[in-house]
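Everything below belongs to coords-v1.txt, which stores compact mmCIF, C-alpha atoms.
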# COMPACT_ATOMS: atom_id res chain seq x y z
CA MET G 1 -54.23 -9.05 21.38
CA ARG G 2 -55.49 -12.63 20.84
CA LEU G 3 -53.58 -12.75 17.55
CA LEU G 4 -50.44 -11.48 19.29
CA ALA G 5 -50.80 -14.07 22.06
CA LEU G 6 -51.30 -16.83 19.49
CA THR G 7 -48.17 -15.70 17.65
CA PHE G 8 -46.09 -15.73 20.82
CA GLY G 9 -47.59 -19.11 21.77
CA CYS G 10 -46.66 -20.70 18.43
CA ALA G 11 -43.16 -19.26 18.69
CA ALA G 12 -42.77 -20.72 22.15
CA VAL G 13 -43.89 -24.17 20.98
CA ALA G 14 -41.49 -24.02 18.04
CA ALA G 15 -38.65 -22.95 20.31
CA ALA G 16 -39.39 -25.80 22.70
CA ALA G 17 -39.44 -28.30 19.86
CA ASN G 18 -36.17 -26.95 18.53
CA THR G 19 -34.64 -27.15 22.00
CA THR G 20 -35.74 -30.79 22.27
CA ALA G 21 -34.28 -31.60 18.86
CA THR G 22 -30.93 -30.04 19.70
CA LYS G 23 -30.59 -32.20 22.80
CA ALA G 24 -29.48 -35.20 20.74
CA THR G 25 -25.70 -35.55 20.91
CA PHE G 26 -23.36 -38.16 19.53
CA ASN G 27 -21.97 -39.34 22.84
CA LYS G 28 -25.25 -39.67 24.71
CA ASP G 29 -27.80 -40.54 22.02
CA VAL G 30 -26.27 -41.57 18.69
CA LEU G 31 -23.30 -43.68 19.76
CA PRO G 32 -25.49 -46.28 21.53
CA VAL G 33 -27.52 -46.67 18.31
CA LEU G 34 -24.36 -47.16 16.27
CA GLN G 35 -22.92 -49.63 18.76
CA LYS G 36 -26.06 -51.74 18.71
CA ASN G 37 -26.78 -51.69 14.99
CA CYS G 38 -23.82 -50.51 12.92
CA GLN G 39 -20.36 -50.99 14.37
CA ASN G 40 -20.18 -54.69 13.68
CA CYS G 41 -19.70 -53.76 10.00
CA HIS G 42 -18.58 -50.13 10.35
CA ARG G 43 -15.14 -50.65 11.86
CA PRO G 44 -11.66 -51.21 10.47
CA GLY G 45 -11.21 -54.51 8.67
CA GLU G 46 -14.91 -55.17 8.11
CA VAL G 47 -17.19 -54.94 5.09
CA ALA G 48 -18.31 -51.30 5.45
CA PRO G 49 -16.15 -48.64 3.75
CA MET G 50 -16.04 -46.32 6.76
CA SER G 51 -15.74 -46.66 10.54
CA PHE G 52 -18.30 -45.40 13.07
CA LEU G 53 -16.38 -46.25 16.23
CA THR G 54 -15.72 -42.65 17.31
CA TYR G 55 -17.19 -39.18 16.87
CA GLN G 56 -14.25 -38.24 14.67
CA ASP G 57 -15.00 -41.23 12.45
CA ALA G 58 -18.74 -40.64 12.18
CA ARG G 59 -19.02 -36.83 12.08
CA PRO G 60 -18.11 -36.41 8.36
CA TRP G 61 -20.87 -38.89 7.49
CA ALA G 62 -23.66 -37.35 9.60
CA LYS G 63 -25.94 -36.37 6.68
CA ALA G 64 -25.28 -39.66 4.89
CA ILE G 65 -26.08 -41.61 8.06
CA LYS G 66 -29.35 -39.72 8.39
CA ALA G 67 -30.30 -40.40 4.77
CA ALA G 68 -29.49 -44.11 5.12
CA VAL G 69 -31.58 -44.63 8.26
CA VAL G 70 -34.54 -42.47 7.18
CA THR G 71 -34.87 -44.35 3.88
CA LYS G 72 -34.23 -47.62 5.81
CA LYS G 73 -31.42 -48.50 3.46
CA MET G 74 -29.36 -49.12 6.58
CA PRO G 75 -29.06 -51.33 8.47
CA PRO G 76 -29.71 -53.77 5.59
CA TRP G 77 -32.72 -55.94 6.39
CA PHE G 78 -35.11 -57.27 3.77
CA ALA G 79 -37.58 -59.56 5.53
CA ASP G 80 -41.25 -58.62 5.22
CA PRO G 81 -42.36 -58.05 8.84
CA GLN G 82 -45.68 -59.78 8.13
CA TYR G 83 -43.97 -63.17 8.08
CA GLY G 84 -41.71 -64.82 10.60
CA HIS G 85 -39.82 -63.58 13.63
CA PHE G 86 -36.04 -63.39 13.53
CA GLN G 87 -33.44 -63.22 16.26
CA ASN G 88 -30.99 -61.14 14.23
CA GLU G 89 -33.47 -58.52 12.98
CA ARG G 90 -31.67 -55.28 12.14
CA ARG G 91 -34.48 -52.73 11.99
CA LEU G 92 -34.09 -49.40 13.79
CA THR G 93 -37.02 -48.20 15.85
CA GLU G 94 -38.73 -44.95 14.87
CA ALA G 95 -37.29 -43.39 18.02
CA GLU G 96 -33.76 -44.37 16.97
CA ILE G 97 -34.32 -43.00 13.46
CA ASN G 98 -35.62 -39.71 14.90
CA THR G 99 -32.63 -39.46 17.23
CA VAL G 100 -30.12 -39.85 14.41
CA SER G 101 -32.09 -37.42 12.21
CA SER G 102 -32.31 -34.69 14.82
CA TRP G 103 -28.60 -35.06 15.62
CA ALA G 104 -27.65 -34.64 11.95
CA ASP G 105 -30.09 -31.76 11.40
CA ASN G 106 -28.72 -29.78 14.32
CA GLY G 107 -25.06 -29.71 13.47
CA ALA G 108 -24.16 -33.23 14.67
CA PRO G 109 -22.85 -32.12 18.10
CA GLU G 110 -20.43 -34.36 19.96
CA GLY G 111 -21.78 -33.75 23.46
CA ASP G 112 -20.17 -34.39 26.83
CA ALA G 113 -17.48 -37.06 26.90
CA LYS G 114 -18.80 -38.40 30.21
CA ASP G 115 -22.03 -39.40 28.44
CA LYS G 116 -20.24 -41.91 26.19
CA PRO G 117 -21.02 -45.58 26.79
CA ALA G 118 -18.08 -47.93 27.16
CA PRO G 119 -16.70 -48.98 23.77
CA VAL G 120 -17.78 -52.35 22.42
CA LYS G 121 -15.00 -54.89 22.82
CA PHE G 122 -14.38 -56.54 19.46
CA ILE G 123 -12.00 -59.45 19.02
CA GLU G 124 -9.15 -58.27 16.84
CA GLY G 125 -9.48 -59.72 13.37
CA TRP G 126 -12.54 -61.86 14.20
CA ASN G 127 -16.20 -61.70 15.17
CA ILE G 128 -15.89 -64.95 17.13
CA GLN G 129 -13.23 -66.20 19.53
CA PRO G 130 -11.74 -69.06 17.49
CA ASP G 131 -10.13 -72.05 19.18
CA VAL G 132 -8.74 -73.27 15.86
CA VAL G 133 -7.61 -71.23 12.85
CA ILE G 134 -6.92 -73.00 9.54
CA GLY G 135 -5.80 -71.19 6.42
CA MET G 136 -4.67 -71.52 2.84
CA GLN G 137 -1.09 -72.76 2.72
CA ARG G 138 -0.09 -70.20 0.08
CA PRO G 139 -1.63 -67.09 -1.48
CA TYR G 140 -3.75 -67.16 -4.60
CA GLU G 141 -2.59 -64.84 -7.39
CA VAL G 142 -5.59 -62.91 -8.73
CA PRO G 143 -4.96 -61.49 -12.23
CA ALA G 144 -5.57 -57.85 -13.06
CA THR G 145 -8.30 -58.52 -15.63
CA GLY G 146 -10.51 -61.26 -17.00
CA THR G 147 -12.94 -63.79 -15.54
CA VAL G 148 -11.71 -66.00 -12.71
CA GLU G 149 -13.65 -69.27 -12.61
CA TYR G 150 -14.63 -70.74 -9.26
CA THR G 151 -11.44 -71.99 -7.61
CA TYR G 152 -11.23 -74.71 -4.95
CA VAL G 153 -8.58 -75.59 -2.39
CA VAL G 154 -8.47 -78.50 0.10
CA ILE G 155 -7.39 -77.68 3.63
CA PRO G 156 -6.84 -80.64 5.99
CA THR G 157 -8.30 -80.12 9.45
CA GLY G 158 -5.96 -82.56 11.13
CA PHE G 159 -8.89 -83.67 13.30
CA THR G 160 -8.27 -87.25 14.42
CA LYS G 161 -11.59 -87.50 16.21
CA ASP G 162 -15.10 -86.22 15.59
CA THR G 163 -15.10 -82.49 16.34
CA TRP G 164 -18.17 -80.43 17.22
CA VAL G 165 -18.14 -76.75 16.26
CA THR G 166 -20.29 -74.10 17.95
CA ALA G 167 -19.29 -71.18 15.70
CA ALA G 168 -17.43 -70.66 12.44
CA GLU G 169 -16.15 -67.63 10.55
CA VAL G 170 -14.27 -67.44 7.25
CA ARG G 171 -12.23 -64.34 6.51
CA PRO G 172 -10.68 -63.39 3.18
CA GLY G 173 -7.14 -62.10 3.14
CA ASN G 174 -8.08 -59.51 0.50
CA ARG G 175 -11.69 -58.32 0.44
CA SER G 176 -11.12 -56.10 -2.60
CA VAL G 177 -10.97 -59.10 -4.96
CA MET G 178 -13.20 -61.54 -3.09
CA HIS G 179 -16.77 -61.93 -4.26
CA HIS G 180 -17.61 -64.81 -1.97
CA ILE G 181 -16.26 -67.86 -0.14
CA ILE G 182 -18.05 -71.04 0.83
CA ALA G 183 -16.35 -73.44 3.21
CA PHE G 184 -17.56 -77.03 2.94
CA VAL G 185 -16.83 -80.05 5.10
CA ARG G 186 -15.47 -82.77 2.81
CA LEU G 187 -15.96 -86.18 4.39
CA PRO G 188 -13.28 -88.88 4.41
CA GLY G 189 -13.50 -90.95 1.25
CA SER G 190 -15.25 -88.26 -0.78
CA GLY G 191 -14.58 -88.52 -4.51
CA PHE G 192 -14.58 -84.76 -4.99
CA MET G 193 -11.07 -83.51 -5.78
CA LYS G 194 -9.68 -86.86 -4.62
CA ASP G 195 -6.57 -86.46 -6.78
CA VAL G 196 -5.90 -82.85 -5.77
CA LYS G 197 -3.14 -82.39 -3.23
CA PRO G 198 -3.92 -80.32 -0.12
CA GLY G 199 -3.06 -76.68 -0.65
CA GLU G 200 -3.21 -76.88 -4.44
CA PHE G 201 -5.69 -74.67 -6.28
CA PHE G 202 -8.14 -76.56 -8.44
CA VAL G 203 -10.44 -75.19 -11.14
CA PRO G 204 -12.99 -77.66 -12.52
CA LYS G 205 -13.03 -77.74 -16.30
CA ALA G 206 -14.13 -74.25 -17.35
CA PRO G 207 -17.39 -74.26 -19.31
CA GLU G 208 -17.61 -73.06 -22.87
CA ARG G 209 -19.18 -69.61 -23.01
CA ASP G 210 -20.90 -67.72 -25.80
CA ALA G 211 -20.31 -64.11 -26.84
CA ASN G 212 -22.52 -62.91 -23.96
CA GLY G 213 -20.52 -64.89 -21.40
CA ALA G 214 -23.28 -67.48 -20.87
CA GLU G 215 -22.37 -71.11 -20.42
CA ILE G 216 -22.97 -73.21 -23.55
CA ARG G 217 -24.81 -76.39 -22.58
CA LYS G 218 -24.98 -79.53 -24.65
CA ALA G 219 -27.77 -82.10 -24.58
CA PRO G 220 -28.01 -84.02 -22.41
CA ARG G 221 -26.98 -81.33 -19.95
CA GLN G 222 -23.50 -82.05 -18.63
CA GLN G 223 -23.75 -80.46 -15.22
CA ARG G 224 -23.27 -81.68 -11.71
CA SER G 225 -26.34 -81.80 -9.55
CA ALA G 226 -27.15 -78.98 -7.18
CA ASP G 227 -26.28 -81.36 -4.34
CA GLN G 228 -22.74 -81.91 -5.59
CA GLN G 229 -22.08 -78.32 -6.56
CA ARG G 230 -23.54 -76.57 -3.56
CA GLY G 231 -23.51 -79.17 -0.78
CA GLY G 232 -27.30 -79.15 -0.77
CA GLY G 233 -30.02 -81.78 -0.65
CA ASN G 234 -28.84 -84.55 1.65
CA SER G 235 -25.83 -82.94 3.20
CA ASP G 236 -23.49 -85.94 3.22
CA GLY G 237 -23.56 -86.28 -0.58
CA GLY G 238 -21.29 -84.77 -3.19
CA LEU G 239 -18.86 -82.09 -2.12
CA GLY G 240 -20.02 -82.05 1.49
CA GLU G 241 -21.96 -79.94 3.94
CA PHE G 242 -21.97 -76.15 3.95
CA LEU G 243 -20.00 -74.99 6.98
CA VAL G 244 -19.86 -71.19 6.69
CA GLY G 245 -19.57 -68.54 4.00
CA PHE G 246 -18.36 -65.03 3.34
CA ALA G 247 -20.26 -62.45 1.30
CA PRO G 248 -21.39 -58.88 1.96
CA GLY G 249 -23.88 -59.01 4.82
CA LEU G 250 -23.27 -62.67 5.63
CA PRO G 251 -21.78 -62.79 9.13
CA GLU G 252 -20.18 -65.57 11.09
CA LEU G 253 -22.46 -68.49 12.01
CA LYS G 254 -23.16 -69.40 15.62
CA PHE G 255 -24.69 -72.84 15.54
CA ASP G 256 -26.08 -72.63 19.07
CA ALA G 257 -27.69 -69.19 18.58
CA VAL G 258 -31.27 -70.46 18.30
CA VAL G 259 -31.03 -73.86 20.04
CA PRO G 260 -28.59 -73.87 22.97
CA GLY G 261 -26.42 -76.96 22.88
CA ALA G 262 -26.50 -77.33 19.09
CA ALA G 263 -23.27 -77.69 17.12
CA LYS G 264 -22.06 -78.69 13.66
CA LEU G 265 -20.12 -81.93 13.26
CA ILE G 266 -16.79 -82.19 11.46
CA PRO G 267 -16.13 -85.95 11.37
CA ALA G 268 -12.66 -87.27 12.08
CA GLY G 269 -10.41 -87.16 9.01
CA SER G 270 -12.53 -84.55 7.21
CA ASP G 271 -11.05 -81.74 5.16
CA ILE G 272 -12.36 -78.23 4.65
CA VAL G 273 -12.79 -77.18 1.04
CA PHE G 274 -12.85 -73.48 0.16
CA GLN G 275 -14.88 -72.49 -2.87
CA LEU G 276 -13.33 -69.15 -3.86
CA HIS G 277 -14.95 -66.68 -6.23
CA TYR G 278 -12.54 -63.90 -7.13
CA THR G 279 -13.28 -60.80 -9.20
CA THR G 280 -10.60 -58.78 -10.95
CA LYS G 281 -10.15 -55.07 -10.22
CA GLY G 282 -7.68 -53.79 -12.83
CA THR G 283 -4.55 -54.53 -10.85
CA ALA G 284 -3.07 -57.86 -9.82
CA ALA G 285 -3.63 -58.91 -6.21
CA THR G 286 -3.16 -61.83 -3.82
CA ASP G 287 -5.43 -63.47 -1.25
CA GLN G 288 -4.82 -65.91 1.57
CA THR G 289 -8.12 -66.84 3.22
CA LYS G 290 -8.51 -68.46 6.64
CA ILE G 291 -11.29 -69.97 8.74
CA GLY G 292 -11.79 -69.83 12.51
CA LEU G 293 -13.69 -72.44 14.52
CA THR G 294 -14.98 -72.36 18.08
CA LEU G 295 -15.16 -75.87 19.48
CA ALA G 296 -17.71 -77.44 21.84
CA THR G 297 -16.29 -78.67 25.11
CA ASP G 298 -18.64 -81.69 25.22
CA THR G 299 -20.59 -83.80 22.76
CA PRO G 300 -23.74 -81.75 22.10
CA LYS G 301 -27.29 -83.01 22.28
CA TYR G 302 -28.27 -81.51 18.91
CA ARG G 303 -26.68 -81.41 15.50
CA TYR G 304 -26.93 -78.33 13.26
CA VAL G 305 -27.31 -79.33 9.61
CA THR G 306 -27.32 -77.06 6.55
CA ALA G 307 -29.03 -78.01 3.27
CA ASN G 308 -30.92 -76.31 0.45
CA ALA G 309 -33.81 -76.38 -2.00
CA ALA G 310 -32.34 -75.41 -5.36
CA SER G 311 -33.47 -75.40 -8.96
CA MET G 312 -30.97 -75.33 -11.82
CA ALA G 313 -33.72 -75.34 -14.46
CA LEU G 314 -33.47 -71.62 -15.11
CA GLU G 315 -34.12 -70.20 -18.56
CA ILE G 316 -35.01 -66.54 -18.16
CA PRO G 317 -36.12 -65.02 -21.48
CA PRO G 318 -34.73 -61.70 -22.73
CA ASN G 319 -36.55 -58.62 -21.38
CA GLU G 320 -38.67 -60.74 -19.02
CA PRO G 321 -39.54 -58.61 -15.95
CA ASN G 322 -41.07 -61.31 -13.72
CA TYR G 323 -39.72 -64.80 -14.44
CA GLU G 324 -40.79 -67.35 -11.79
CA SER G 325 -38.83 -70.33 -10.48
CA HIS G 326 -39.66 -73.00 -7.88
CA SER G 327 -37.78 -75.51 -5.75
CA SER G 328 -38.68 -77.77 -2.84
CA VAL G 329 -37.43 -80.50 -0.50
CA THR G 330 -39.37 -82.85 1.79
CA PHE G 331 -38.30 -83.92 5.27
CA ASN G 332 -37.94 -87.61 5.95
CA GLY G 333 -38.10 -87.09 9.70
CA PRO G 334 -38.79 -84.39 12.27
CA ALA G 335 -36.46 -81.40 12.54
CA GLN G 336 -36.30 -77.91 14.00
CA LEU G 337 -35.84 -75.08 11.50
CA VAL G 338 -33.39 -72.42 12.73
CA TRP G 339 -32.00 -70.48 9.72
CA LEU G 340 -32.95 -69.35 6.21
CA MET G 341 -30.99 -67.64 3.43
CA PRO G 342 -32.16 -66.98 -0.14
CA HIS G 343 -29.55 -66.81 -2.87
CA MET G 344 -29.85 -65.37 -6.38
CA HIS G 345 -27.70 -63.08 -8.52
CA VAL G 346 -28.22 -59.58 -9.92
CA ARG G 347 -31.51 -60.34 -11.69
CA GLY G 348 -33.01 -61.68 -8.45
CA LYS G 349 -36.19 -59.80 -7.57
CA ASP G 350 -37.95 -61.52 -4.65
CA PHE G 351 -37.84 -64.81 -2.74
CA ILE G 352 -40.31 -66.68 -0.52
CA PHE G 353 -39.82 -69.71 1.75
CA LYS G 354 -42.98 -71.61 2.64
CA ALA G 355 -43.59 -74.70 4.80
CA VAL G 356 -46.31 -77.11 3.69
CA TYR G 357 -47.17 -79.44 6.57
CA PRO G 358 -48.41 -83.06 6.33
CA THR G 359 -51.88 -81.80 7.33
CA GLY G 360 -52.02 -79.73 4.13
CA GLU G 361 -51.71 -76.47 6.05
CA SER G 362 -49.03 -74.04 4.87
CA GLU G 363 -47.10 -71.15 6.38
CA THR G 364 -44.90 -68.45 4.90
CA LEU G 365 -41.60 -68.66 6.75
CA LEU G 366 -39.75 -65.77 5.11
CA SER G 367 -40.63 -63.27 2.41
CA VAL G 368 -37.96 -61.05 0.87
CA PRO G 369 -39.96 -58.72 -1.42
CA LYS G 370 -36.92 -56.72 -2.54
CA TYR G 371 -33.95 -59.03 -2.87
CA ASP G 372 -30.56 -57.29 -2.94
CA PHE G 373 -27.64 -59.29 -4.30
CA ASN G 374 -25.22 -56.87 -2.63
CA TRP G 375 -26.34 -58.04 0.82
CA GLN G 376 -26.39 -61.82 1.30
CA LEU G 377 -28.34 -61.94 4.54
CA GLY G 378 -29.15 -64.98 6.63
CA TYR G 379 -32.20 -65.01 8.90
CA ASP G 380 -31.98 -66.70 12.33
CA GLU G 381 -35.34 -67.82 13.66
CA ALA G 382 -36.35 -66.14 16.91
CA LYS G 383 -37.16 -69.63 18.20
CA PRO G 384 -36.90 -73.03 16.51
CA LEU G 385 -39.81 -74.01 14.29
CA SER G 386 -40.86 -77.66 14.54
CA LEU G 387 -41.14 -79.42 11.19
CA PRO G 388 -42.89 -82.82 11.40
CA LYS G 389 -41.91 -85.70 9.15
CA GLY G 390 -43.36 -85.10 5.68
CA THR G 391 -43.10 -81.31 5.86
CA ARG G 392 -42.13 -79.75 2.53
CA ILE G 393 -40.08 -76.57 2.20
CA GLU G 394 -41.16 -74.73 -0.94
CA CYS G 395 -39.26 -71.81 -2.43
CA THR G 396 -40.53 -69.35 -5.04
CA ALA G 397 -38.28 -66.77 -6.67
CA HIS G 398 -38.81 -64.08 -9.30
CA TYR G 399 -36.25 -62.50 -11.61
CA ASP G 400 -36.18 -59.19 -13.48
CA ASN G 401 -34.30 -59.55 -16.76
CA SER G 402 -35.61 -56.26 -18.13
CA ALA G 403 -33.99 -52.91 -18.73
CA ASN G 404 -35.81 -51.58 -15.67
CA ASN G 405 -33.43 -53.58 -13.47
CA ARG G 406 -30.52 -51.18 -13.02
CA TYR G 407 -28.20 -54.04 -12.02
CA ASN G 408 -28.96 -56.05 -15.16
CA PRO G 409 -25.78 -56.36 -17.28
CA ASN G 410 -27.72 -57.28 -20.44
CA PRO G 411 -31.52 -57.58 -20.70
CA ASN G 412 -31.33 -58.87 -24.28
CA VAL G 413 -30.02 -62.36 -23.54
CA THR G 414 -31.49 -65.60 -22.20
CA VAL G 415 -30.13 -66.21 -18.69
CA ARG G 416 -29.47 -69.69 -17.27
CA TRP G 417 -27.90 -71.22 -14.17
CA GLY G 418 -24.21 -70.40 -13.81
CA ASP G 419 -21.48 -69.46 -11.37
CA GLN G 420 -20.76 -65.95 -12.57
CA THR G 421 -22.79 -62.95 -11.46
CA TRP G 422 -24.12 -62.29 -14.97
CA GLU G 423 -25.63 -65.79 -14.85
CA GLU G 424 -28.23 -66.83 -12.28
CA MET G 425 -28.90 -69.16 -9.38
CA MET G 426 -31.92 -70.19 -7.37
CA ILE G 427 -30.98 -71.60 -3.95
CA GLY G 428 -33.05 -71.59 -0.80
CA TRP G 429 -30.48 -72.34 1.91
CA PHE G 430 -31.79 -73.45 5.29
CA ALA G 431 -30.51 -75.06 8.50
CA VAL G 432 -32.21 -77.44 10.88
CA VAL G 433 -31.34 -78.91 14.24
CA VAL G 434 -31.83 -82.64 14.87
CA ASP G 435 -30.81 -85.14 17.53
CA ASN G 436 -27.08 -85.77 17.23
CA SER G 437 -27.68 -89.46 16.48
CA VAL G 438 -29.59 -88.73 13.25
CA LYS G 439 -27.72 -89.53 10.04
CA THR G 440 -27.84 -86.44 7.86
CA GLN G 441 -28.47 -88.43 4.67
CA ASN G 442 -31.80 -89.47 6.21
CA ILE G 443 -33.06 -85.96 6.98
CA LEU G 444 -34.51 -85.27 3.54
CA ALA G 445 -36.67 -87.65 1.56
CA ARG G 446 -34.29 -87.66 -1.40
CA PRO G 447 -31.60 -85.42 -2.86
CA GLN G 448 -32.39 -82.81 -5.46
CA ARG G 449 -31.74 -83.41 -9.14
CA PRO G 450 -31.05 -80.87 -11.86
CA GLY G 451 -34.20 -79.59 -13.48
CA SER G 452 -36.50 -81.04 -10.82
CA SER G 453 -38.37 -79.28 -8.07
CA GLU G 454 -37.61 -81.88 -5.42

Could you spell out this file's structure in structure tokens?
Amino acid sequence: MRLLALTFGCAAVAAAANTTATKATFNKDVLPVLQKNCQNCHRPGEVAPMSFLTYQDARPWAKAIKAAVVTKKMPPWFADPQYGHFQNERRLTEAEINTVSSWADNGAPEGDAKDKPAPVKFIEGWNIQPDVVIGMQRPYEVPATGTVEYTYVVIPTGFTKDTWVTAAEVRPGNRSVMHHIIAFVRLPGSGFMKDVKPGEFFVPKAPERDANGAEIRKAPRQQRSADQQRGGGNSDGGLGEFLVGFAPGLPELKFDAVVPGAAKLIPAGSDIVFQLHYTTKGTAATDQTKIGLTLATDTPKYRYVTANAASMALEIPPNEPNYESHSSVTFNGPAQLVWLMPHMHVRGKDFIFKAVYPTGESETLLSVPKYDFNWQLGYDEAKPLSLPKGTRIECTAHYDNSANNRYNPNPNVTVRWGDQTWEEMMIGWFAVVVDNSVKTQNILARPQRPGSSE
């Protein structure tokens, strides 16, 4: 009798658990999770290949959604939780993961329509509400095959007075052939592309490449500094200051997200320069990219400035599974750190940002133990981090040039710095907020030079 009672008791518990599991429905339980964490990418016109706006959209993907959230492949987020706190963290809670799992395991029911939350209101064609939209004057013709070198185009802003920007978003006209875009602010009088007419496409002299596609360098190395090529170091030098970019996982930038009242300055008479990296897809295509800007109504108290710590001295040996590279910059005055973004290519393995303070104390700001080139994520600080004068930002990166790296196009070659994805980069992007009267060329102790760590 005791055995019979135990059997019935276990059955009752199992039935209760099953009843609880089947309570999860799309409308009541799953849709709020998708709205909060997924729909910004999973909607028409965005980076994700499928939409999750409605039950009809999401239902065919129920098992795939479960697999992605259980393995924590989605939402993409790579920061080690031991270090730093970030405003834009994308992790699902265990409760949210369990909700999605139970919904998928029990037939993915739709549920009662009255349980649906109101749909999220997205701005058509944008993630910000732009006050100004500026675009390429004519489309770029992308060939069907071959390598397309980095292409630049100058776009006049028409700004006759200093303009402060609170948010910026760049949107490609054709995502299928766009690898990435970087929009720079080119200051009046800049020598970069000074003879190129606005709207014309410009390709700097293409480098010589060997049979493996690697750039052939001559001694002494004929290469622009990281400051000129990437807008890094002291932000007023070279090409100009990074404004905003496009790449998978890299969203619009809201310059007042961490420090209210902060904005990015576009000085009067400046142009915007698009750096365009196209990839061919087997058929010819066209692209006409545009940028949207949200403008501050008043002169802000704080200026948002983007710079980087980069090292071009890369020489990754064949079949090397753990090549290490370093870069650093030192602050010439106090600043508030608000944003970090590591950048490498397909051999990138891990990346660490560290702050070394004038006292000698150090702090890990961000650790990305499993870097994923397919998701170029930026990390907004949960609150601004004060960096006293003399603070040094140090970056350490590792690369896997072995056959164990499934993304490695060729483990049997030496890999050096280069624009193309089969080459490599080492850039620790970061943004700080300073008083709006500070000249950006005085923020860092000195600009970076090729082959140096500072």

Contact check, segment 235-347 of chain G to segment 88-103 of chain G, at most 12 Å, counting only C-alpha atoms, closest pairs as a Markdown table:
| residue | atom | partner | partner_atom | distance |
| --- | --- | --- | --- | --- |
| G:Gly249 | CA | G:Arg90 | CA | 11.3 |
| G:Leu250 | CA | G:Asn88 | CA | 11.7 |
| G:Pro251 | CA | G:Asn88 | CA | 10.7 |
| G:Leu253 | CA | G:Asn88 | CA | 11.5 |
| G:Lys254 | CA | G:Asn88 | CA | 11.5 |
| G:Ala257 | CA | G:Asn88 | CA | 9.7 |
| G:Val258 | CA | G:Asn88 | CA | 10.2 |
| G:Val338 | CA | G:Asn88 | CA | 11.6 |
| G:Trp339 | CA | G:Asn88 | CA | 10.4 |
| G:Leu340 | CA | G:Asn88 | CA | 11.6 |

Determine the nearest neighbour of Pro117 of chain G from the options G:Phe26, G:Trp375, G:Tyr407, G:Trp417, counting all atoms listed in the file.
-> G:Phe26

At most 12 Å from (-30.9, -48.8, 2.5), file frame, all atoms listed in the file: which residues, as a ChimeraX atom specification?
-> /G:64-78,90-92,370-372,374-375

In terms of only C-alpha atoms, the residue from G:Phe159, G:Ala247, G:Glu423, G:Thr279 at minimal distance from Leu377 of chain G is G:Ala247

All residues 10 Å or closer to Glu46 of chain G, only C-alpha atoms, same chain fewer than 5 positions away omitted, as a ChimeraX atom specification = /G:39-41,51,125-127,171,175,248

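By chain and then residue number, the residues within 9 Å of segment 344-347 of chain G are Tyr371, Asp372, Phe373, Asn374, Ala397, His398, Tyr399, Asp400, Asn401, Ser402, Asn405, Tyr407, Asn408, Pro409, Gln420, Thr421, Trp422, Glu423, Glu424, Met425, Met426, Ile427 and Gly428 of chain G, counting all atoms listed in the file and disregarding those fewer than 6 positions away in sequence.
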
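For the choices G:Gln129, G:Thr147, G:Thr364, G:Ser328, the atom-to-atom distance to Asn308 of chain G is smallest for G:Ser328 when using only C-alpha atoms.
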
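Nearest-residue note for Ala284 of chain G: choosing from G:Phe246, G:Tyr140, G:Phe202, G:Phe184, the minimum distance belongs to G:Tyr140, counting only C-alpha atoms.
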
Could you state the separation of atom CA of Asp287 of chain G and atom CA of Pro172 of chain G in Å, given to one decimal place?
-> 6.9 Å

Between G:Val170, G:Ala403, G:Leu444, G:Val153, smallest distance to Asp195 of chain G by only C-alpha atoms belongs to G:Val153

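You can rank G:Ile266, G:Val30, G:Val244, G:Val413 by their closest distance to Arg303 of chain G using only C-alpha atoms, and at the top of that list sits G:Ile266.
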
Might you pull out every residue within 10 Å of Val132 of chain G, with only C-alpha atoms counted and same-chain residues fewer than 4 positions away left off, and present them as a compact mmCIF listing (two decimals) with C-alpha atoms, in the coordinates of the input?
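The resulting file, around20.txt, is shown below:
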# COMPACT_ATOMS: atom_id res chain seq x y z
CA THR G 157 -8.30 -80.12 9.45
CA ALA G 168 -17.43 -70.66 12.44
CA ILE G 291 -11.29 -69.97 8.74
CA GLY G 292 -11.79 -69.83 12.51
CA LEU G 293 -13.69 -72.44 14.52
CA THR G 294 -14.98 -72.36 18.08
CA LEU G 295 -15.16 -75.87 19.48

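If you look at atom CA of Pro198 of chain G and atom CA of Lys281 of chain G, they are 27.9 Å away from each other.
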
Would you list the contacts of Ser437 of chain G as a PyMOL selection string, taking every protein, DNA or RNA residue within 12 Å and counting only C-alpha atoms, but skipping same-chain residues closer than 6 positions in sequence?
-> chain G and resi 265+299-304+443

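Interatomic distance, atom CA of Asp350 of chain G to atom CA of Val368 of chain G: 5.5 Å.
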
Write out as number ranges by chain the residues lying within 6 Å of Arg392 of chain G, counting all atoms listed in the file and excluding same-chain residues fewer than 5 positions away.
-> G: 329-330, 355-356
